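Raw contents of coords.tsv, TSV, N, CA and C atoms:
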```tsv
chain	number	residue	atom	x	y	z
M	398	LYS	N	-6.29	6.05	-4.97
M	398	LYS	CA	-6.16	4.93	-5.88
M	398	LYS	C	-5.15	3.93	-5.32
M	399	LEU	N	-5.45	2.68	-5.47
M	399	LEU	CA	-4.55	1.64	-4.97
M	399	LEU	C	-3.85	0.88	-6.08
M	400	TRP	N	-4.31	1.01	-7.30
M	400	TRP	CA	-3.79	0.17	-8.37
M	400	TRP	C	-2.31	0.36	-8.65
M	401	ASP	N	-1.70	1.42	-8.17
M	401	ASP	CA	-0.25	1.57	-8.31
M	401	ASP	C	0.40	2.00	-7.00
M	402	ALA	N	-0.19	1.57	-5.90
M	402	ALA	CA	0.32	1.97	-4.58
M	402	ALA	C	1.76	1.55	-4.37
M	403	GLY	N	2.16	0.45	-5.00
M	403	GLY	CA	3.52	-0.04	-4.80
M	403	GLY	C	4.60	0.79	-5.45
M	404	ASN	N	4.24	1.66	-6.37
M	404	ASN	CA	5.27	2.48	-7.01
M	404	ASN	C	4.85	3.94	-7.19
M	405	SER	N	4.01	4.43	-6.28
M	405	SER	CA	3.55	5.81	-6.45
M	405	SER	C	3.85	6.72	-5.27
M	406	ALA	N	4.80	6.35	-4.41
M	406	ALA	CA	5.16	7.23	-3.30
M	406	ALA	C	5.80	8.50	-3.85
M	407	PRO	N	5.70	9.62	-3.21
M	407	PRO	CA	4.99	9.87	-1.96
M	407	PRO	C	3.48	9.87	-2.19
M	408	TYR	N	2.75	9.76	-1.11
M	408	TYR	CA	1.30	9.59	-1.17
M	408	TYR	C	0.59	10.86	-0.71
M	409	GLY	N	-0.71	10.86	-0.86
M	409	GLY	CA	-1.51	11.99	-0.44
M	409	GLY	C	-1.69	12.99	-1.56
M	410	HIS	N	-2.68	13.81	-1.44
M	410	HIS	CA	-3.00	14.79	-2.47
M	410	HIS	C	-1.89	15.83	-2.62
M	411	ARG	N	-1.17	16.07	-1.54
M	411	ARG	CA	-0.07	17.05	-1.58
M	411	ARG	C	1.29	16.37	-1.71
M	412	GLY	N	1.31	15.04	-1.73
M	412	GLY	CA	2.58	14.32	-1.82
M	412	GLY	C	3.40	14.43	-0.55
M	413	ASP	N	2.72	14.61	0.59
M	413	ASP	CA	3.44	14.84	1.85
M	413	ASP	C	3.47	13.61	2.76
M	414	LEU	N	2.95	12.48	2.29
M	414	LEU	CA	2.93	11.27	3.10
M	414	LEU	C	3.94	10.29	2.52
M	415	THR	N	4.84	9.79	3.35
M	415	THR	CA	5.94	8.98	2.83
M	415	THR	C	5.72	7.48	2.93
M	416	THR	N	4.73	7.04	3.70
M	416	THR	CA	4.49	5.61	3.83
M	416	THR	C	3.03	5.28	3.55
M	417	LEU	N	2.79	4.03	3.20
M	417	LEU	CA	1.41	3.60	3.00
M	417	LEU	C	0.62	3.67	4.29
M	418	THR	N	1.24	3.39	5.41
M	418	THR	CA	0.54	3.47	6.70
M	418	THR	C	0.07	4.90	6.95
M	419	GLU	N	0.92	5.89	6.65
M	419	GLU	CA	0.51	7.29	6.79
M	419	GLU	C	-0.66	7.60	5.87
M	420	ALA	N	-0.61	7.11	4.63
M	420	ALA	CA	-1.68	7.36	3.68
M	420	ALA	C	-3.00	6.78	4.18
M	421	ILE	N	-2.95	5.60	4.76
M	421	ILE	CA	-4.16	5.00	5.32
M	421	ILE	C	-4.66	5.83	6.50
M	422	HIS	N	-3.73	6.23	7.36
M	422	HIS	CA	-4.09	6.99	8.57
M	422	HIS	C	-4.85	8.27	8.24
M	423	PHE	N	-4.44	8.96	7.20
M	423	PHE	CA	-5.02	10.27	6.90
M	423	PHE	C	-6.23	10.20	5.97
M	424	HIS	N	-6.75	9.01	5.70
M	424	HIS	CA	-7.96	8.90	4.89
M	424	HIS	C	-9.19	8.93	5.77
M	425	GLY	N	-10.16	9.64	5.32
M	425	GLY	CA	-11.45	9.72	6.01
M	425	GLY	C	-12.55	9.65	4.98
M	426	GLY	N	-13.67	10.23	5.28
M	426	GLY	CA	-14.78	10.23	4.33
M	426	GLY	C	-15.20	8.82	3.98
M	427	GLU	N	-15.27	8.52	2.68
M	427	GLU	CA	-15.69	7.21	2.22
M	427	GLU	C	-14.73	6.11	2.66
M	428	ALA	N	-13.48	6.43	2.92
M	428	ALA	CA	-12.47	5.43	3.31
M	428	ALA	C	-12.38	5.25	4.82
M	429	ARG	N	-13.17	5.98	5.58
M	429	ARG	CA	-13.05	5.94	7.04
M	429	ARG	C	-13.22	4.53	7.61
M	430	ALA	N	-14.21	3.79	7.14
M	430	ALA	CA	-14.44	2.43	7.67
M	430	ALA	C	-13.26	1.52	7.36
M	431	SER	N	-12.70	1.64	6.16
M	431	SER	CA	-11.53	0.83	5.80
M	431	SER	C	-10.32	1.22	6.63
M	432	ARG	N	-10.15	2.52	6.83
M	432	ARG	CA	-9.03	3.00	7.67
M	432	ARG	C	-9.17	2.45	9.08
M	433	ASP	N	-10.36	2.55	9.66
M	433	ASP	CA	-10.56	2.08	11.02
M	433	ASP	C	-10.35	0.57	11.13
M	434	ALA	N	-10.79	-0.17	10.10
M	434	ALA	CA	-10.60	-1.62	10.11
M	434	ALA	C	-9.11	-1.96	10.04
M	435	PHE	N	-8.35	-1.21	9.25
M	435	PHE	CA	-6.91	-1.45	9.17
M	435	PHE	C	-6.25	-1.26	10.53
M	436	PHE	N	-6.58	-0.17	11.22
M	436	PHE	CA	-5.94	0.10	12.50
M	436	PHE	C	-6.47	-0.77	13.63
M	437	ALA	N	-7.56	-1.49	13.39
M	437	ALA	CA	-8.05	-2.46	14.37
M	437	ALA	C	-7.30	-3.79	14.26
M	438	LEU	N	-6.55	-3.97	13.16
M	438	LEU	CA	-5.78	-5.20	12.97
M	438	LEU	C	-4.57	-5.23	13.90
M	439	SER	N	-4.06	-6.41	14.13
M	439	SER	CA	-2.81	-6.54	14.89
M	439	SER	C	-1.68	-5.94	14.05
M	440	PRO	N	-0.58	-5.54	14.68
M	440	PRO	CA	0.55	-5.01	13.90
M	440	PRO	C	1.04	-6.00	12.84
M	441	GLU	N	0.99	-7.28	13.14
M	441	GLU	CA	1.42	-8.28	12.17
M	441	GLU	C	0.50	-8.29	10.95
M	442	ASP	N	-0.81	-8.23	11.19
M	442	ASP	CA	-1.76	-8.21	10.07
M	442	ASP	C	-1.68	-6.91	9.29
M	443	GLN	N	-1.42	-5.80	9.97
M	443	GLN	CA	-1.22	-4.54	9.25
M	443	GLN	C	-0.02	-4.66	8.31
M	444	ALA	N	1.04	-5.29	8.78
M	444	ALA	CA	2.24	-5.46	7.95
M	444	ALA	C	1.93	-6.31	6.71
M	445	VAL	N	1.09	-7.32	6.87
M	445	VAL	CA	0.70	-8.16	5.73
M	445	VAL	C	-0.06	-7.33	4.70
M	446	VAL	N	-0.97	-6.49	5.16
M	446	VAL	CA	-1.73	-5.63	4.24
M	446	VAL	C	-0.78	-4.68	3.50
M	447	ILE	N	0.15	-4.08	4.22
M	447	ILE	CA	1.10	-3.15	3.60
M	447	ILE	C	1.95	-3.88	2.57
M	448	GLU	N	2.41	-5.08	2.88
M	448	GLU	CA	3.21	-5.85	1.91
M	448	GLU	C	2.39	-6.14	0.66
M	449	PHE	N	1.10	-6.46	0.83
M	449	PHE	CA	0.24	-6.67	-0.33
M	449	PHE	C	0.12	-5.39	-1.16
M	450	LEU	N	-0.13	-4.27	-0.50
M	450	LEU	CA	-0.27	-3.01	-1.23
M	450	LEU	C	0.98	-2.68	-2.03
M	451	LYS	N	2.14	-3.04	-1.51
M	451	LYS	CA	3.39	-2.79	-2.23
M	451	LYS	C	3.49	-3.59	-3.51
M	452	THR	N	2.73	-4.67	-3.63
M	452	THR	CA	2.77	-5.46	-4.86
M	452	THR	C	1.90	-4.87	-5.95
M	453	LEU	N	1.06	-3.90	-5.62
M	453	LEU	CA	0.17	-3.28	-6.61
M	453	LEU	C	0.95	-2.23	-7.38
M	454	GLN	N	1.47	-2.64	-8.53
M	454	GLN	CA	2.31	-1.76	-9.33
M	454	GLN	C	1.86	-1.75	-10.77
M	455	VAL	N	1.96	-0.60	-11.38
M	455	VAL	CA	1.74	-0.46	-12.81
M	455	VAL	C	3.13	-0.39	-13.44
M	456	LEU	N	3.45	-1.39	-14.24
M	456	LEU	CA	4.77	-1.46	-14.85
M	456	LEU	C	4.70	-0.94	-16.28
M	457	PRO	N	5.77	-0.31	-16.74
M	457	PRO	CA	5.79	0.16	-18.13
M	457	PRO	C	5.65	-1.01	-19.10
M	458	ASP	N	5.10	-0.75	-20.28
M	458	ASP	CA	5.00	-1.77	-21.32
M	458	ASP	C	6.36	-2.40	-21.56
M	459	GLY	N	6.38	-3.71	-21.69
M	459	GLY	CA	7.61	-4.43	-21.97
M	459	GLY	C	8.39	-4.83	-20.74
M	460	SER	N	7.94	-4.40	-19.56
M	460	SER	CA	8.64	-4.78	-18.33
M	460	SER	C	8.41	-6.25	-18.04
M	461	PRO	N	9.44	-6.91	-17.50
M	461	PRO	CA	9.23	-8.31	-17.11
M	461	PRO	C	8.25	-8.37	-15.95
M	462	ARG	N	7.46	-9.41	-15.92
M	462	ARG	CA	6.50	-9.59	-14.84
M	462	ARG	C	7.26	-10.09	-13.61
M	463	VAL	N	7.10	-9.41	-12.50
M	463	VAL	CA	7.76	-9.78	-11.26
M	463	VAL	C	6.69	-10.02	-10.21
M	464	VAL	N	6.74	-11.16	-9.56
M	464	VAL	CA	5.83	-11.46	-8.47
M	464	VAL	C	6.63	-11.42	-7.20
M	465	VAL	N	6.22	-10.58	-6.25
M	465	VAL	CA	6.93	-10.43	-5.00
M	465	VAL	C	6.18	-11.22	-3.93
M	466	GLU	N	6.92	-12.10	-3.26
M	466	GLU	CA	6.35	-12.87	-2.16
M	466	GLU	C	6.63	-12.10	-0.88
M	467	GLY	N	6.17	-12.65	0.24
M	467	GLY	CA	6.41	-12.02	1.54
M	467	GLY	C	7.86	-11.69	1.77
M	468	GLU	N	8.10	-10.63	2.50
M	468	GLU	CA	9.43	-10.17	2.87
M	468	GLU	C	10.29	-9.81	1.66
M	469	GLY	N	9.63	-9.41	0.57
M	469	GLY	CA	10.35	-8.92	-0.59
M	469	GLY	C	11.03	-9.97	-1.45
M	470	ARG	N	10.77	-11.24	-1.22
M	470	ARG	CA	11.39	-12.30	-2.04
M	470	ARG	C	10.73	-12.32	-3.40
M	471	ARG	N	11.53	-12.42	-4.43
M	471	ARG	CA	11.01	-12.51	-5.80
M	471	ARG	C	10.75	-13.96	-6.15
M	472	ARG	N	9.74	-14.16	-6.97
M	472	ARG	CA	9.42	-15.52	-7.41
M	472	ARG	C	9.48	-15.54	-8.90
```
Can I see the file as structure tokens?
Amino acid sequence: KLWDAGNSAPYGHRGDLTTLTEAIHFHGGEARASRDAFFALSPEDQAVVIEFLKTLQVLPDGSPRVVVEGEGRRR
């Protein structure tokens, strides 16, 4: 699931993956094509994807809405 990737570490079914890049690396099956496409990107583009995934957060009711721009800047 990606809808809370930004606040659901550790990752993986066993909780043994500490980064989103590791979680992508160890996906196969239906996610294999997406995984391969991610690793075909330049390191810079991979970083952009990871930064986007970090913005996918499920916040508790009543939390202020926070929009995170590149490099962790809040808007």
* So which residues touch Asn404 in chain M within 8 Å, counting all atoms listed in the file, skipping near sequence neighbours fewer than 5 positions away, as JSON, numbers by chain? -> {"M": [450, 451, 452, 453, 454, 455]}
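Considering the residues M:Pro461, M:His424, M:Arg429, M:Ser439 and counting only C-alpha atoms, His410 in chain M has its shortest atom-to-atom contact with M:His424.
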* Structure fact -> As a check of understanding: the span from atom N of Gly412 in chain M to CA of Pro440 in chain M is 25.4 Å
* Please return as a PyMOL selection string: the residues of chain M that backbone DSSP assigns to helix (DSSP H, G or I). => chain M and resi 402-404+417-422+426-437+440-451+467-469
* **Residues flagged strand (DSSP E or B) by DSSP in chain M, as number ranges by chain** => M: 408, 414, 465, 471
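Separating CA of Leu456 in chain M from atom C of Glu427 in chain M is a distance of 27.3 Å.
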* Could you check how far atom N of Glu448 in chain M sits from atom C of Tyr408 in chain M, in Å to one decimal? =>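 Atom C of Tyr408 in chain M lies 16.4 Å from atom N of Glu448 in chain M.
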What lies within 9 Å of range 417-419 of chain M using only C-alpha atoms, ignoring chain neighbours under 6 positions off, as a tab-separated table (two decimals) with N, CA and C atoms, in the frame of the given file?
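Generated file (result15.tsv):
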```
chain	number	residue	atom	x	y	z
M	402	ALA	N	-0.19	1.57	-5.90
M	402	ALA	CA	0.32	1.97	-4.58
M	402	ALA	C	1.76	1.55	-4.37
M	403	GLY	N	2.16	0.45	-5.00
M	403	GLY	CA	3.52	-0.04	-4.80
M	403	GLY	C	4.60	0.79	-5.45
M	406	ALA	N	4.80	6.35	-4.41
M	406	ALA	CA	5.16	7.23	-3.30
M	406	ALA	C	5.80	8.50	-3.85
M	407	PRO	N	5.70	9.62	-3.21
M	407	PRO	CA	4.99	9.87	-1.96
M	407	PRO	C	3.48	9.87	-2.19
M	408	TYR	N	2.75	9.76	-1.11
M	408	TYR	CA	1.30	9.59	-1.17
M	408	TYR	C	0.59	10.86	-0.71
M	409	GLY	N	-0.71	10.86	-0.86
M	409	GLY	CA	-1.51	11.99	-0.44
M	409	GLY	C	-1.69	12.99	-1.56
M	443	GLN	N	-1.42	-5.80	9.97
M	443	GLN	CA	-1.22	-4.54	9.25
M	443	GLN	C	-0.02	-4.66	8.31
M	447	ILE	N	0.15	-4.08	4.22
M	447	ILE	CA	1.10	-3.15	3.60
M	447	ILE	C	1.95	-3.88	2.57
M	450	LEU	N	-0.13	-4.27	-0.50
M	450	LEU	CA	-0.27	-3.01	-1.23
M	450	LEU	C	0.98	-2.68	-2.03
M	451	LYS	N	2.14	-3.04	-1.51
M	451	LYS	CA	3.39	-2.79	-2.23
M	451	LYS	C	3.49	-3.59	-3.51
```
